[in-house]
file start.txt (compact mmCIF, C-alpha atoms)
# COMPACT_ATOMS: atom_id res chain seq x y z
CA MET A 1 63.79 91.18 106.49
CA GLU A 2 66.03 89.85 109.22
CA PHE A 3 65.40 92.53 111.80
CA SER A 4 66.29 90.23 114.67
CA ARG A 5 69.90 90.32 113.52
CA SER A 6 70.17 94.08 113.46
CA ILE A 7 72.61 95.61 115.90
CA SER A 8 70.24 98.22 117.31
CA LEU A 9 66.55 97.94 117.91
CA LYS A 10 65.88 101.55 117.07
CA ARG A 11 66.13 102.55 113.45
CA LEU A 12 68.85 105.12 112.86
CA THR A 13 68.18 107.99 110.52
CA MET A 14 71.34 109.07 108.77
CA THR A 15 71.90 111.50 105.94
CA PRO A 16 73.45 110.05 102.76
CA ILE A 17 76.68 111.93 103.60
CA GLU A 18 76.85 110.31 107.03
CA GLN A 19 76.17 106.89 105.52
CA LEU A 20 78.86 107.42 102.91
CA THR A 21 81.40 108.50 105.55
CA PHE A 22 80.59 105.39 107.53
CA LEU A 23 81.27 103.22 104.47
CA LEU A 24 84.43 105.12 103.53
CA ARG A 25 85.83 104.54 107.02
CA ALA A 26 86.11 100.84 106.08
CA VAL A 27 88.08 101.50 102.89
CA PRO A 28 91.51 101.56 104.62
CA ILE A 29 90.84 98.10 106.09
CA THR A 30 89.80 96.71 102.71
CA LEU A 31 92.88 98.27 101.10
CA SER A 32 95.24 97.05 103.81
CA ILE A 33 93.98 93.47 103.48
CA SER A 34 94.45 93.66 99.71
CA LEU A 35 97.88 95.29 99.91
CA LEU A 36 99.29 92.93 102.56
CA SER A 37 98.02 89.85 100.73
CA PHE A 38 99.40 91.28 97.50
CA LEU A 39 102.86 91.66 99.09
CA LEU A 40 102.69 88.12 100.49
CA GLY A 41 101.64 86.87 97.06
CA LEU A 42 104.40 88.89 95.37
CA THR A 43 107.07 87.28 97.56
CA LEU A 44 105.66 83.79 97.05
CA GLY A 45 105.11 84.43 93.34
CA ILE A 46 108.70 85.58 92.65
CA ILE A 47 110.21 82.72 94.67
CA PHE A 48 108.05 80.00 93.16
CA SER A 49 108.29 81.24 89.58
CA PHE A 50 112.11 81.29 89.85
CA ILE A 51 112.10 77.80 91.34
CA ARG A 52 109.86 76.56 88.54
CA ILE A 53 112.10 77.99 85.84
CA TYR A 54 115.62 77.68 87.25
CA GLY A 55 115.24 75.28 90.21
CA ILE A 56 116.30 71.67 90.60
CA ALA A 57 113.84 68.81 90.03
CA PRO A 58 112.31 68.07 93.48
CA LEU A 59 111.88 71.77 94.32
CA ARG A 60 110.34 72.34 90.91
CA TYR A 61 107.67 69.72 91.58
CA ILE A 62 106.80 71.38 94.88
CA ALA A 63 106.46 74.79 93.18
CA ASP A 64 104.40 73.22 90.41
CA GLY A 65 102.12 71.53 92.93
CA TYR A 66 101.67 74.72 94.94
CA GLU A 67 100.66 76.63 91.83
CA LYS A 68 98.20 73.97 90.69
CA VAL A 69 96.55 73.50 94.09
CA PHE A 70 96.06 77.17 94.93
CA ARG A 71 94.81 78.05 91.46
CA SER A 72 92.11 75.38 91.67
CA VAL A 73 90.70 75.96 95.15
CA PRO A 74 88.18 78.65 96.22
CA VAL A 75 89.71 81.25 98.53
CA LEU A 76 86.69 81.07 100.85
CA SER A 77 87.16 77.35 101.45
CA ILE A 78 90.83 78.01 102.32
CA MET A 79 89.71 80.75 104.72
CA PHE A 80 87.24 78.35 106.38
CA LEU A 81 89.88 75.62 106.56
CA LEU A 82 92.40 77.94 108.20
CA TYR A 83 90.03 79.92 110.42
CA PHE A 84 87.59 77.24 111.63
CA GLY A 85 89.76 74.18 111.02
CA LEU A 86 93.19 75.27 112.19
CA GLY A 87 92.22 78.23 114.41
CA GLY A 88 92.03 75.90 117.41
CA TYR A 89 95.57 74.61 116.91
CA ILE A 90 97.57 77.50 115.46
CA PRO A 91 97.19 80.86 117.26
CA ILE A 92 97.78 83.02 114.16
CA PHE A 93 94.61 81.63 112.55
CA LYS A 94 92.50 82.71 115.54
CA ASP A 95 92.63 86.22 114.11
CA SER A 96 90.21 86.65 111.22
CA TYR A 97 92.15 89.59 109.73
CA LEU A 98 95.45 87.69 109.56
CA THR A 99 93.70 84.57 108.33
CA SER A 100 92.16 86.45 105.39
CA VAL A 101 95.51 88.06 104.53
CA ILE A 102 97.23 84.66 104.55
CA ALA A 103 94.48 82.88 102.58
CA LEU A 104 94.31 85.63 99.94
CA GLY A 105 98.12 85.81 99.84
CA LEU A 106 98.51 82.07 99.24
CA VAL A 107 96.05 82.15 96.35
CA SER A 108 97.56 85.33 94.95
CA GLY A 109 101.05 83.79 95.15
CA ALA A 110 99.96 81.04 92.79
CA ASN A 111 98.46 83.59 90.37
CA GLN A 112 101.51 85.83 90.54
CA SER A 113 103.87 82.91 90.06
CA GLN A 114 102.13 82.32 86.75
CA ILE A 115 102.27 86.01 85.82
CA PHE A 116 106.04 86.09 86.47
CA ARG A 117 106.60 82.82 84.67
CA SER A 118 105.01 84.12 81.50
CA SER A 119 106.84 87.46 81.68
CA ILE A 120 110.21 85.80 82.36
CA GLY A 121 109.38 83.37 79.55
CA SER A 122 108.86 86.20 77.08
CA ILE A 123 112.30 87.65 77.92
CA GLY A 124 113.66 84.27 76.98
CA ARG A 125 116.52 82.04 77.87
CA SER A 126 118.83 83.75 75.39
CA GLN A 127 119.33 86.76 77.67
CA MET A 128 120.18 84.46 80.58
CA LEU A 129 122.76 82.68 78.40
CA ALA A 130 124.16 85.98 77.17
CA ALA A 131 124.50 87.28 80.74
CA THR A 132 126.23 84.12 82.01
CA SER A 133 128.58 84.08 79.01
CA LEU A 134 129.62 87.62 79.97
CA GLY A 135 130.76 86.17 83.28
CA LEU A 136 127.84 87.09 85.54
CA SER A 137 126.86 84.46 88.07
CA SER A 138 123.37 83.09 87.50
CA PHE A 139 122.13 84.89 90.66
CA LYS A 140 123.55 88.21 89.40
CA ALA A 141 122.07 87.58 85.96
CA LEU A 142 118.67 87.08 87.56
CA ARG A 143 119.04 90.10 89.82
CA HIS A 144 120.40 92.58 87.26
CA VAL A 145 119.18 91.34 83.87
CA ILE A 146 116.09 89.17 84.09
CA LEU A 147 114.16 90.51 87.10
CA PRO A 148 114.18 94.25 86.19
CA GLN A 149 112.72 93.50 82.78
CA ALA A 150 110.33 90.84 84.01
CA LEU A 151 108.89 93.25 86.59
CA PHE A 152 107.98 95.78 83.90
CA LEU A 153 106.39 93.12 81.72
CA ALA A 154 104.41 91.83 84.69
CA VAL A 155 102.91 95.25 85.60
CA PRO A 156 99.56 94.93 83.77
CA GLY A 157 99.06 91.42 85.17
CA LEU A 158 99.97 92.59 88.68
CA GLY A 159 97.56 95.52 88.36
CA SER A 160 94.64 93.25 87.64
CA GLU A 161 95.85 90.99 90.45
CA ILE A 162 95.54 93.88 92.96
CA ALA A 163 92.10 94.66 91.58
CA LEU A 164 91.16 91.00 92.03
CA LEU A 165 92.42 91.08 95.61
CA ILE A 166 90.41 94.22 96.42
CA LYS A 167 87.29 92.42 95.21
CA ASP A 168 88.18 89.10 96.86
CA SER A 169 88.91 90.82 100.18
CA SER A 170 85.11 91.01 100.49
CA TYR A 171 85.15 87.27 101.28
CA SER A 172 86.74 88.10 104.64
CA PHE A 173 83.41 89.70 105.60
CA ILE A 174 82.08 86.14 105.98
CA ILE A 175 84.60 85.30 108.71
CA GLY A 176 83.89 88.63 110.39
CA VAL A 177 86.57 91.13 109.38
CA LEU A 178 85.30 94.70 109.71
CA GLU A 179 85.96 95.69 106.10
CA LEU A 180 83.80 97.49 103.53
CA MET A 181 81.26 94.68 103.00
CA LYS A 182 80.82 94.26 106.76
CA HIS A 183 80.30 98.01 107.19
CA THR A 184 77.68 97.81 104.44
CA ASP A 185 75.94 95.03 106.34
CA ILE A 186 76.04 97.03 109.59
CA LEU A 187 74.69 100.12 107.81
CA ARG A 188 71.90 98.06 106.27
CA ALA A 189 70.94 96.77 109.70
CA ALA A 190 71.12 100.19 111.35
CA THR A 191 69.20 102.19 108.75
CA ARG A 192 67.03 99.28 107.55
CA SER A 193 67.58 100.56 104.06
CA LEU A 194 68.23 97.94 101.39
CA VAL A 195 69.01 100.42 98.65
CA PHE A 196 71.60 103.03 99.53
CA PRO A 197 74.23 100.93 101.40
CA TYR A 198 74.50 98.25 98.72
CA ILE A 199 74.60 100.58 95.73
CA ALA A 200 77.10 102.91 97.43
CA SER A 201 79.47 100.15 98.48
CA ALA A 202 79.39 98.48 95.06
CA LEU A 203 80.28 101.85 93.49
CA ILE A 204 83.11 102.35 96.02
CA TYR A 205 84.58 99.01 94.95
CA VAL A 206 84.30 100.02 91.28
CA ALA A 207 86.03 103.33 92.07
CA LEU A 208 88.86 101.47 93.83
CA THR A 209 89.48 98.88 91.11
CA PHE A 210 88.79 100.83 87.91
CA PRO A 211 91.89 103.10 87.91
CA LEU A 212 94.19 100.13 88.65
CA ALA A 213 92.97 98.10 85.73
CA THR A 214 93.06 100.90 83.16
CA TYR A 215 96.00 103.05 84.29
CA LEU A 216 98.48 100.25 85.00
CA ASP A 217 97.62 98.54 81.74
CA LYS A 218 98.47 101.70 79.77
CA TRP A 219 101.62 102.35 81.83
CA GLY A 220 102.74 98.74 81.32
CA SER A 221 102.43 98.79 77.56
CA LYS A 222 104.17 102.20 77.36
CA LYS A 223 107.13 100.86 79.37
CA LYS A 224 107.18 97.76 77.20
CA ARG A 225 107.55 99.88 74.08
CA GLU A 226 110.29 101.98 75.68
CA LEU A 227 112.27 98.88 76.57
CA GLY A 228 111.79 97.51 73.08
CA LEU A 229 110.35 94.19 74.26
CA MET B 230 87.10 61.57 107.85
CA LEU B 231 84.81 58.51 107.88
CA PHE B 232 82.06 60.39 109.71
CA LEU B 233 81.47 62.27 106.46
CA LEU B 234 79.97 59.06 105.00
CA ASP B 235 76.87 59.72 107.14
CA PHE B 236 76.43 62.96 105.22
CA SER B 237 77.18 61.58 101.74
CA ASP B 238 73.73 62.39 100.31
CA PHE B 239 73.80 65.85 101.81
CA LEU B 240 77.29 66.55 100.46
CA LEU B 241 76.39 65.17 97.03
CA ASN B 242 73.34 67.45 96.84
CA GLY B 243 75.49 70.42 97.75
CA PHE B 244 78.06 69.51 95.15
CA LEU B 245 75.41 69.10 92.46
CA THR B 246 74.01 72.54 93.32
CA THR B 247 77.48 74.05 92.96
CA LEU B 248 77.99 72.24 89.64
CA GLN B 249 74.58 73.36 88.38
CA VAL B 250 75.07 77.00 89.38
CA THR B 251 78.53 77.05 87.76
CA LEU B 252 77.35 75.59 84.46
CA VAL B 253 74.19 77.71 84.25
CA GLY B 254 76.19 80.84 85.18
CA VAL B 255 78.87 80.27 82.56
CA GLY B 256 76.33 79.07 79.96
CA LEU B 257 74.11 82.16 80.27
CA GLY B 258 77.28 84.22 80.56
CA ILE B 259 78.40 83.03 77.11
CA ILE B 260 75.17 84.31 75.58
CA LEU B 261 75.44 87.65 77.40
CA GLY B 262 79.13 87.84 76.51
CA ILE B 263 78.50 87.24 72.79
CA LEU B 264 75.71 89.83 72.73
CA ALA B 265 77.84 92.37 74.62
CA ALA B 266 80.88 91.78 72.42
CA LEU B 267 78.84 92.12 69.23
CA GLY B 268 77.23 95.25 70.65
CA ASP B 269 80.59 96.75 71.47
CA ILE B 270 82.13 96.01 68.06
CA TYR B 271 79.21 96.58 65.68
CA GLY B 272 76.73 98.59 67.75
CA GLY B 273 75.96 102.28 67.76
CA LYS B 274 77.26 104.83 70.24
CA ILE B 275 74.53 104.35 72.86
CA VAL B 276 74.81 100.54 72.72
CA LYS B 277 78.57 100.83 73.26
CA ILE B 278 78.11 103.04 76.33
CA ILE B 279 75.54 100.67 77.84
CA VAL B 280 77.80 97.65 77.22
CA ASN B 281 80.82 99.34 78.76
CA VAL B 282 78.97 100.55 81.86
CA TYR B 283 77.62 97.01 82.38
CA VAL B 284 81.07 95.45 81.91
CA GLU B 285 82.95 97.91 84.13
CA PHE B 286 80.38 97.63 86.90
CA PHE B 287 80.30 93.84 86.99
CA ARG B 288 84.06 93.48 86.59
CA GLY B 289 84.84 96.20 89.10
CA SER B 290 82.72 95.16 92.06
CA PRO B 291 82.91 91.97 94.14
CA LEU B 292 80.47 89.14 93.52
CA ILE B 293 79.20 89.38 97.10
CA ALA B 294 78.17 93.01 96.55
CA GLN B 295 76.39 92.02 93.32
CA LEU B 296 74.55 89.19 95.06
CA PHE B 297 73.34 91.58 97.77
CA LEU B 298 72.27 94.12 95.15
CA ILE B 299 70.20 91.60 93.21
CA TYR B 300 68.85 89.79 96.28
CA PHE B 301 68.01 92.82 98.47
CA THR B 302 68.01 95.99 96.39
CA LEU B 303 66.41 94.83 93.14
CA PRO B 304 63.14 93.70 94.79
CA VAL B 305 62.82 97.05 96.59
CA LEU B 306 63.37 99.03 93.40
CA THR B 307 61.31 96.92 90.99
CA GLY B 308 58.98 94.82 93.15
CA LEU B 309 60.41 91.70 91.47
CA LYS B 310 60.88 88.95 94.06
CA LEU B 311 63.30 86.15 93.18
CA ASP B 312 64.23 83.04 95.17
CA VAL B 313 67.84 82.53 96.21
CA ILE B 314 68.84 80.03 93.54
CA THR B 315 67.48 82.25 90.74
CA VAL B 316 69.40 85.18 92.21
CA GLY B 317 72.46 82.91 92.13
CA TYR B 318 71.99 82.01 88.45
CA LEU B 319 71.27 85.57 87.44
CA THR B 320 74.17 87.17 89.31
CA LEU B 321 76.74 84.62 88.16
CA ALA B 322 75.48 84.95 84.58
CA LEU B 323 75.74 88.75 84.66
CA ASN B 324 79.18 88.56 86.30
CA SER B 325 80.49 85.93 83.93
CA GLY B 326 79.05 87.70 80.88
CA ALA B 327 81.01 90.84 81.75
CA TYR B 328 84.29 88.91 81.85
CA GLN B 329 83.51 86.80 78.77
CA LYS B 330 82.71 89.91 76.75
CA GLY B 331 86.38 90.83 77.07
CA TYR B 332 87.69 87.46 75.87
CA LEU B 333 85.13 87.17 73.07
CA LYS B 334 85.76 90.69 71.84
CA GLY B 335 89.48 89.96 71.59
CA ALA B 336 88.79 86.73 69.73
CA MET B 337 86.26 88.35 67.39
CA GLU B 338 88.64 91.14 66.52
CA ALA B 339 91.32 88.54 65.74
CA VAL B 340 88.96 87.02 63.18
CA PHE B 341 87.47 90.38 62.24
CA LYS B 342 90.30 92.21 60.54
CA ASP B 343 90.86 90.27 57.32
CA GLN B 344 88.23 87.55 57.26
CA PHE B 345 85.36 89.98 57.81
CA LEU B 346 86.41 91.96 54.75
CA ALA B 347 86.96 88.77 52.75
CA ALA B 348 83.46 87.54 53.61
CA LEU B 349 82.01 90.95 52.80
CA SER B 350 83.68 90.99 49.40
CA LEU B 351 82.19 87.56 48.69
CA GLY B 352 78.78 89.18 49.11
CA LEU B 353 77.66 87.63 52.42
CA PRO B 354 75.16 89.73 54.41
CA LEU B 355 76.25 90.91 57.90
CA ARG B 356 74.05 88.39 59.74
CA LYS B 357 75.59 85.48 57.81
CA ILE B 358 79.14 86.77 58.28
CA LEU B 359 78.60 86.82 62.02
CA MET B 360 76.90 83.43 62.09
CA TYR B 361 79.22 81.48 59.79
CA VAL B 362 82.57 83.30 59.93
CA VAL B 363 83.12 85.42 63.03
CA VAL B 364 81.29 83.62 65.85
CA PRO B 365 82.26 79.96 65.15
CA GLN B 366 85.96 80.74 64.87
CA SER B 367 86.06 83.07 67.84
CA LEU B 368 84.38 80.37 69.96
CA ARG B 369 87.31 78.06 69.20
CA ILE B 370 89.96 80.71 69.84
CA VAL B 371 88.45 81.64 73.17
CA ILE B 372 88.61 78.16 74.80
CA PRO B 373 91.74 78.80 76.96
CA ALA B 374 90.19 81.99 78.29
CA TRP B 375 87.00 80.06 78.93
CA SER B 376 88.67 77.36 80.92
CA ASN B 377 90.04 80.11 83.18
CA GLU B 378 86.55 81.59 83.39
CA LEU B 379 84.97 78.24 84.22
CA ALA B 380 87.52 77.68 86.99
CA SER B 381 87.04 81.15 88.43
CA MET B 382 83.22 80.80 88.27
CA ALA B 383 83.46 77.44 90.05
CA LYS B 384 85.50 79.11 92.77
CA SER B 385 83.17 82.14 92.93
CA THR B 386 80.08 80.02 93.64
CA THR B 387 81.26 79.89 97.26
CA ALA B 388 80.10 83.52 97.54
CA LEU B 389 76.49 82.26 97.31
CA ILE B 390 76.86 81.35 100.98
CA VAL B 391 76.00 84.97 101.87
CA ILE B 392 72.44 84.70 100.55
CA GLY B 393 72.02 81.18 101.94
CA VAL B 394 72.16 78.94 98.87
CA ARG B 395 72.87 75.33 99.90
CA GLU B 396 75.98 74.92 97.81
CA PHE B 397 78.96 72.66 98.53
CA LEU B 398 80.83 74.85 101.02
CA ASN B 399 77.57 75.67 102.82
CA THR B 400 76.91 71.96 103.41
CA GLY B 401 80.28 71.96 105.17
CA VAL B 402 79.04 74.74 107.47
CA SER B 403 75.98 72.67 108.43
CA ILE B 404 78.05 69.51 108.95
CA THR B 405 80.50 71.40 111.15
CA ALA B 406 77.61 72.70 113.24
CA GLN B 407 76.45 69.13 113.89
CA THR B 408 79.76 67.29 114.29
CA PHE B 409 82.15 69.97 115.60
CA LYS B 410 84.85 68.66 113.25
CA PRO B 411 85.72 71.68 111.09
CA LEU B 412 89.25 70.59 110.18
CA GLU B 413 88.28 67.29 108.56
CA THR B 414 85.12 68.68 106.96
CA TYR B 415 86.73 71.71 105.34
CA LEU B 416 89.82 69.72 104.35
CA PHE B 417 87.61 67.21 102.55
CA ILE B 418 85.64 69.98 100.83
CA THR B 419 88.80 71.79 99.74
CA ILE B 420 90.23 68.56 98.30
CA VAL B 421 87.02 67.86 96.36
CA TYR B 422 87.07 71.40 94.95
CA PHE B 423 90.68 70.88 93.88
CA ILE B 424 90.02 67.53 92.14
CA TRP B 425 86.94 68.88 90.38
CA ILE B 426 88.36 72.20 89.16
CA TYR B 427 91.76 70.78 88.26
CA SER B 428 90.31 67.97 86.16
CA MET B 429 87.95 70.44 84.45
CA LEU B 430 90.94 72.58 83.45
CA LYS B 431 92.79 69.50 82.12
CA ILE B 432 89.82 68.32 80.04
CA LEU B 433 89.34 71.74 78.44
CA ASP B 434 93.05 71.83 77.69
CA ILE B 435 92.74 68.52 75.79
CA ILE B 436 89.67 69.79 73.89
CA TYR B 437 91.47 73.00 72.97
CA ASN B 438 94.49 71.15 71.61
CA ARG B 439 92.15 69.16 69.40
CA VAL B 440 90.11 72.03 67.93
CA LYS B 441 92.59 74.94 67.97
CA ILE B 442 93.03 76.89 64.75
CA PRO B 443 96.67 76.84 63.60
CA GLY B 444 97.97 80.39 63.36
CA LEU B 445 95.26 81.88 65.57
CA GLU B 446 96.64 81.30 69.04
CA PRO B 447 94.94 82.28 72.35
CA VAL B 448 94.08 85.87 73.12
CA ILE B 449 94.93 85.89 76.83

call {"tool": "encode", "arguments": {"input": "start.txt", "output": "structure tokens"}}
result
Amino acid sequence: MEFSRSISLKRLTMTPIEQLTFLLRAVPITLSISLLSFLLGLTLGIIFSFIRIYGIAPLRYIADGYEKVFRSVPVLSIMFLLYFGLGGYIPIFKDSYLTSVIALGLVSGANQSQIFRSSIGSIGRSQMLAATSLGLSSFKALRHVILPQALFLAVPGLGSEIALLIKDSSYSFIIGVLELMKHTDILRAATRSLVFPYIASALIYVALTFPLATYLDKWGSKKKRELGL
Amino acid sequence: MLFLLDFSDFLLNGFLTTLQVTLVGVGLGIILGILAALGDIYGGKIVKIIVNVYVEFFRGSPLIAQLFLIYFTLPVLTGLKLDVITVGYLTLALNSGAYQKGYLKGAMEAVFKDQFLAALSLGLPLRKILMYVVVPQSLRIVIPAWSNELASMAKSTTALIVIGVREFLNTGVSITAQTFKPLETYLFITIVYFIWIYSMLKILDIIYNRVKIPGLEPVI
């Protein structure tokens, strides 16, 4: 294999526990990339879904275009475009960590905009009309009537979105962020073992994403029943 | 962006590789997905466990990790040596099959409840019920989910860069290394990805509207 690329010339012997600790040390980085890009996507998703449903015509086209473009483009090609293409001009894209957060966040914003649109859609326009006829301003109706319900309905979708981001954060390994996949690569080079690092890191990813997908899905449908939606 | 004309053959080859890997991955994934869904609905206890472990593993871990596992770890464990493009096909098929199992199972259960019993009472054997009643209808119901899957597979093929497949984004890496013009190169590649994936989604939408079954709306 590619021994010339390994970081040390001498082969390290590590116990499985030591190797596992080394991999687990990268988990906070992976989680922080996913969480920050999720929050960026959440902000963008709420804003753009509201614009698409309640906004005026020119803004609506912009929101529509944003959603279409970022749902149809690979996140890695956006990362390359920002990091290699714009890194020379815009200082923030010189940092591979921030670049991955922004690229993942932009893509996630488009996904989350769609999640919110469908959950707001299933609450329906009738509640908005009812709220405004009671004398609430349309902003207050959104804030107190539509959004609290839409957030509950969106929970299962948002859960799988976080899981998707945890998995997609592995793309940032390619532009050199020291996250779980990069630690796996370093461990592979140091121990020259092709078996343990890869199996262990794949299982760590499964352990991180599995509870999100199953638990939030159950919680979401329970809440939905309680609210009578 | 005119300098990219010098690389038109190179870019076209890369794009065709990406197209090929996407279609083979989703195509084999459909077969795996149908088998896994049938196994999960009609199979015995052990079959169900195997199907669910396969699905949870391939849905829960990133594609890059799966590529490394099949490219590096599998040969060590089994002695089976595969070239990069085969690893690409195999991994994408396994990954896509795990996702498609979910969509297909939902669609099959939508058909399953009443029509399965109706077909059974007409005296059709299980094999024929699956072949003529359950599978054909669920394939039509599942189209919207599939168009999502096709788009996400097309986007995932960029991960093949880590094992060195010459796909579309990887040609951009080589062009950048020669021309030192990353902005134009990656902008062009991103635009091509957008046009391709967006038009694919539109076409499948048109097909779905033509063949959809009234009353049996999408399962996503």

call {"tool": "atom_distance", "arguments": {"input": "start.txt", "atom1": "atom CA of Leu12 of chain A", "atom2": "atom CA of Arg192 of chain A"}}
result
8.1 Å

call {"tool": "residues_around", "arguments": {"input": "start.txt", "residues": "Gly393 of chain B", "least_positions_apart": "4", "cutoff": "12 Å", "atoms": "all atoms listed in the file", "output": "mmCIF file with C-alpha atoms, keeping the file's coordinate frame"}}
result
data_model
loop_
_atom_site.group_PDB
_atom_site.id
_atom_site.type_symbol
_atom_site.label_atom_id
_atom_site.label_comp_id
_atom_site.auth_asym_id
_atom_site.auth_seq_id
_atom_site.Cartn_x
_atom_site.Cartn_y
_atom_site.Cartn_z
ATOM 1 C CA ILE A 174 82.080 86.140 105.980
ATOM 2 C CA ILE B 293 79.200 89.380 97.100
ATOM 3 C CA LEU B 296 74.550 89.190 95.060
ATOM 4 C CA PHE B 297 73.340 91.580 97.770
ATOM 5 C CA TYR B 300 68.850 89.790 96.280
ATOM 6 C CA ASP B 312 64.230 83.040 95.170
ATOM 7 C CA VAL B 313 67.840 82.530 96.210
ATOM 8 C CA ILE B 314 68.840 80.030 93.540
ATOM 9 C CA VAL B 316 69.400 85.180 92.210
ATOM 10 C CA GLY B 317 72.460 82.910 92.130
ATOM 11 C CA THR B 386 80.080 80.020 93.640
ATOM 12 C CA THR B 387 81.260 79.890 97.260
ATOM 13 C CA ALA B 388 80.100 83.520 97.540
ATOM 14 C CA LEU B 389 76.490 82.260 97.310
ATOM 15 C CA PHE B 397 78.960 72.660 98.530
ATOM 16 C CA LEU B 398 80.830 74.850 101.020
ATOM 17 C CA ASN B 399 77.570 75.670 102.820
ATOM 18 C CA THR B 400 76.910 71.960 103.410
ATOM 19 C CA VAL B 402 79.040 74.740 107.470
ATOM 20 C CA SER B 403 75.980 72.670 108.430
#

call {"tool": "atom_distance", "arguments": {"input": "start.txt", "atom1": "atom CA of Lys334 of chain B", "atom2": "atom CA of Arg71 of chain A"}}
result
25.0 Å

call {"tool": "interface_residues", "arguments": {"input": "start.txt", "of": "chain B", "to": "chain A", "cutoff": "8 Å", "atoms": "only C-alpha atoms", "output": "PyMOL selection string"}}
result
chain B and resi 285-286+289-295+297-298+301-302+305-306+380+383-385+387-388+391+398+410-413+415-416+418-419+422-423+426-427

call {"tool": "atom_distance", "arguments": {"input": "start.txt", "atom1": "atom CA of Met382 of chain B", "atom2": "atom CA of Thr251 of chain B"}}
result
6.0 Å

call {"tool": "residues_around", "arguments": {"input": "start.txt", "residues": "Glu396 of chain B", "least_positions_apart": "6", "cutoff": "9 Å", "atoms": "all atoms listed in the file", "output": "list in words"}}
result
Leu240, Asn242, Gly243, Phe244, Leu245, Thr246, Thr247, Leu248, Val250, Thr386, Thr387, Leu389 and Ile390 of chain B

call {"tool": "residues_around", "arguments": {"input": "start.txt", "residues": "segment 98-101 of chain A", "least_positions_apart": "6", "cutoff": "6 Å", "atoms": "only C-alpha atoms", "output": "JSON, numbers by chain"}}
result
{"A": [33, 37, 172]}

call {"tool": "residues_around", "arguments": {"input": "start.txt", "residues": "Phe48 of chain A", "least_positions_apart": "2", "cutoff": "9 Å", "atoms": "only C-alpha atoms", "output": "PyMOL selection string"}}
result
chain A and resi 43-46+50-53+60+62-64+66-67+109-110+113

call {"tool": "residues_around", "arguments": {"input": "start.txt", "residues": "Pro148 of chain A", "least_positions_apart": "4", "cutoff": "12 Å", "atoms": "all atoms listed in the file", "output": "PDB file with C-alpha atoms, in the coordinates of the input"}}
result
ATOM      1  CA  PHE A 116     106.040  86.090  86.470  1.00  0.00           C
ATOM      2  CA  SER A 119     106.840  87.460  81.680  1.00  0.00           C
ATOM      3  CA  ILE A 120     110.210  85.800  82.360  1.00  0.00           C
ATOM      4  CA  ILE A 123     112.300  87.650  77.920  1.00  0.00           C
ATOM      5  CA  LYS A 140     123.550  88.210  89.400  1.00  0.00           C
ATOM      6  CA  ALA A 141     122.070  87.580  85.960  1.00  0.00           C
ATOM      7  CA  LEU A 142     118.670  87.080  87.560  1.00  0.00           C
ATOM      8  CA  ARG A 143     119.040  90.100  89.820  1.00  0.00           C
ATOM      9  CA  HIS A 144     120.400  92.580  87.260  1.00  0.00           C
ATOM     10  CA  PHE A 152     107.980  95.780  83.900  1.00  0.00           C
ATOM     11  CA  LEU A 153     106.390  93.120  81.720  1.00  0.00           C
ATOM     12  CA  ALA A 154     104.410  91.830  84.690  1.00  0.00           C
ATOM     13  CA  VAL A 155     102.910  95.250  85.600  1.00  0.00           C
ATOM     14  CA  LYS A 223     107.130 100.860  79.370  1.00  0.00           C
ATOM     15  CA  LYS A 224     107.180  97.760  77.200  1.00  0.00           C
ATOM     16  CA  LEU A 227     112.270  98.880  76.570  1.00  0.00           C
TER      17      LEU A 227
END

call {"tool": "closest_residue", "arguments": {"input": "start.txt", "among": "B:Leu241, B:Leu261, B:Ile358, B:Ile432", "to": "Leu319 of chain B", "atoms": "all atoms listed in the file"}}
result
B:Leu261
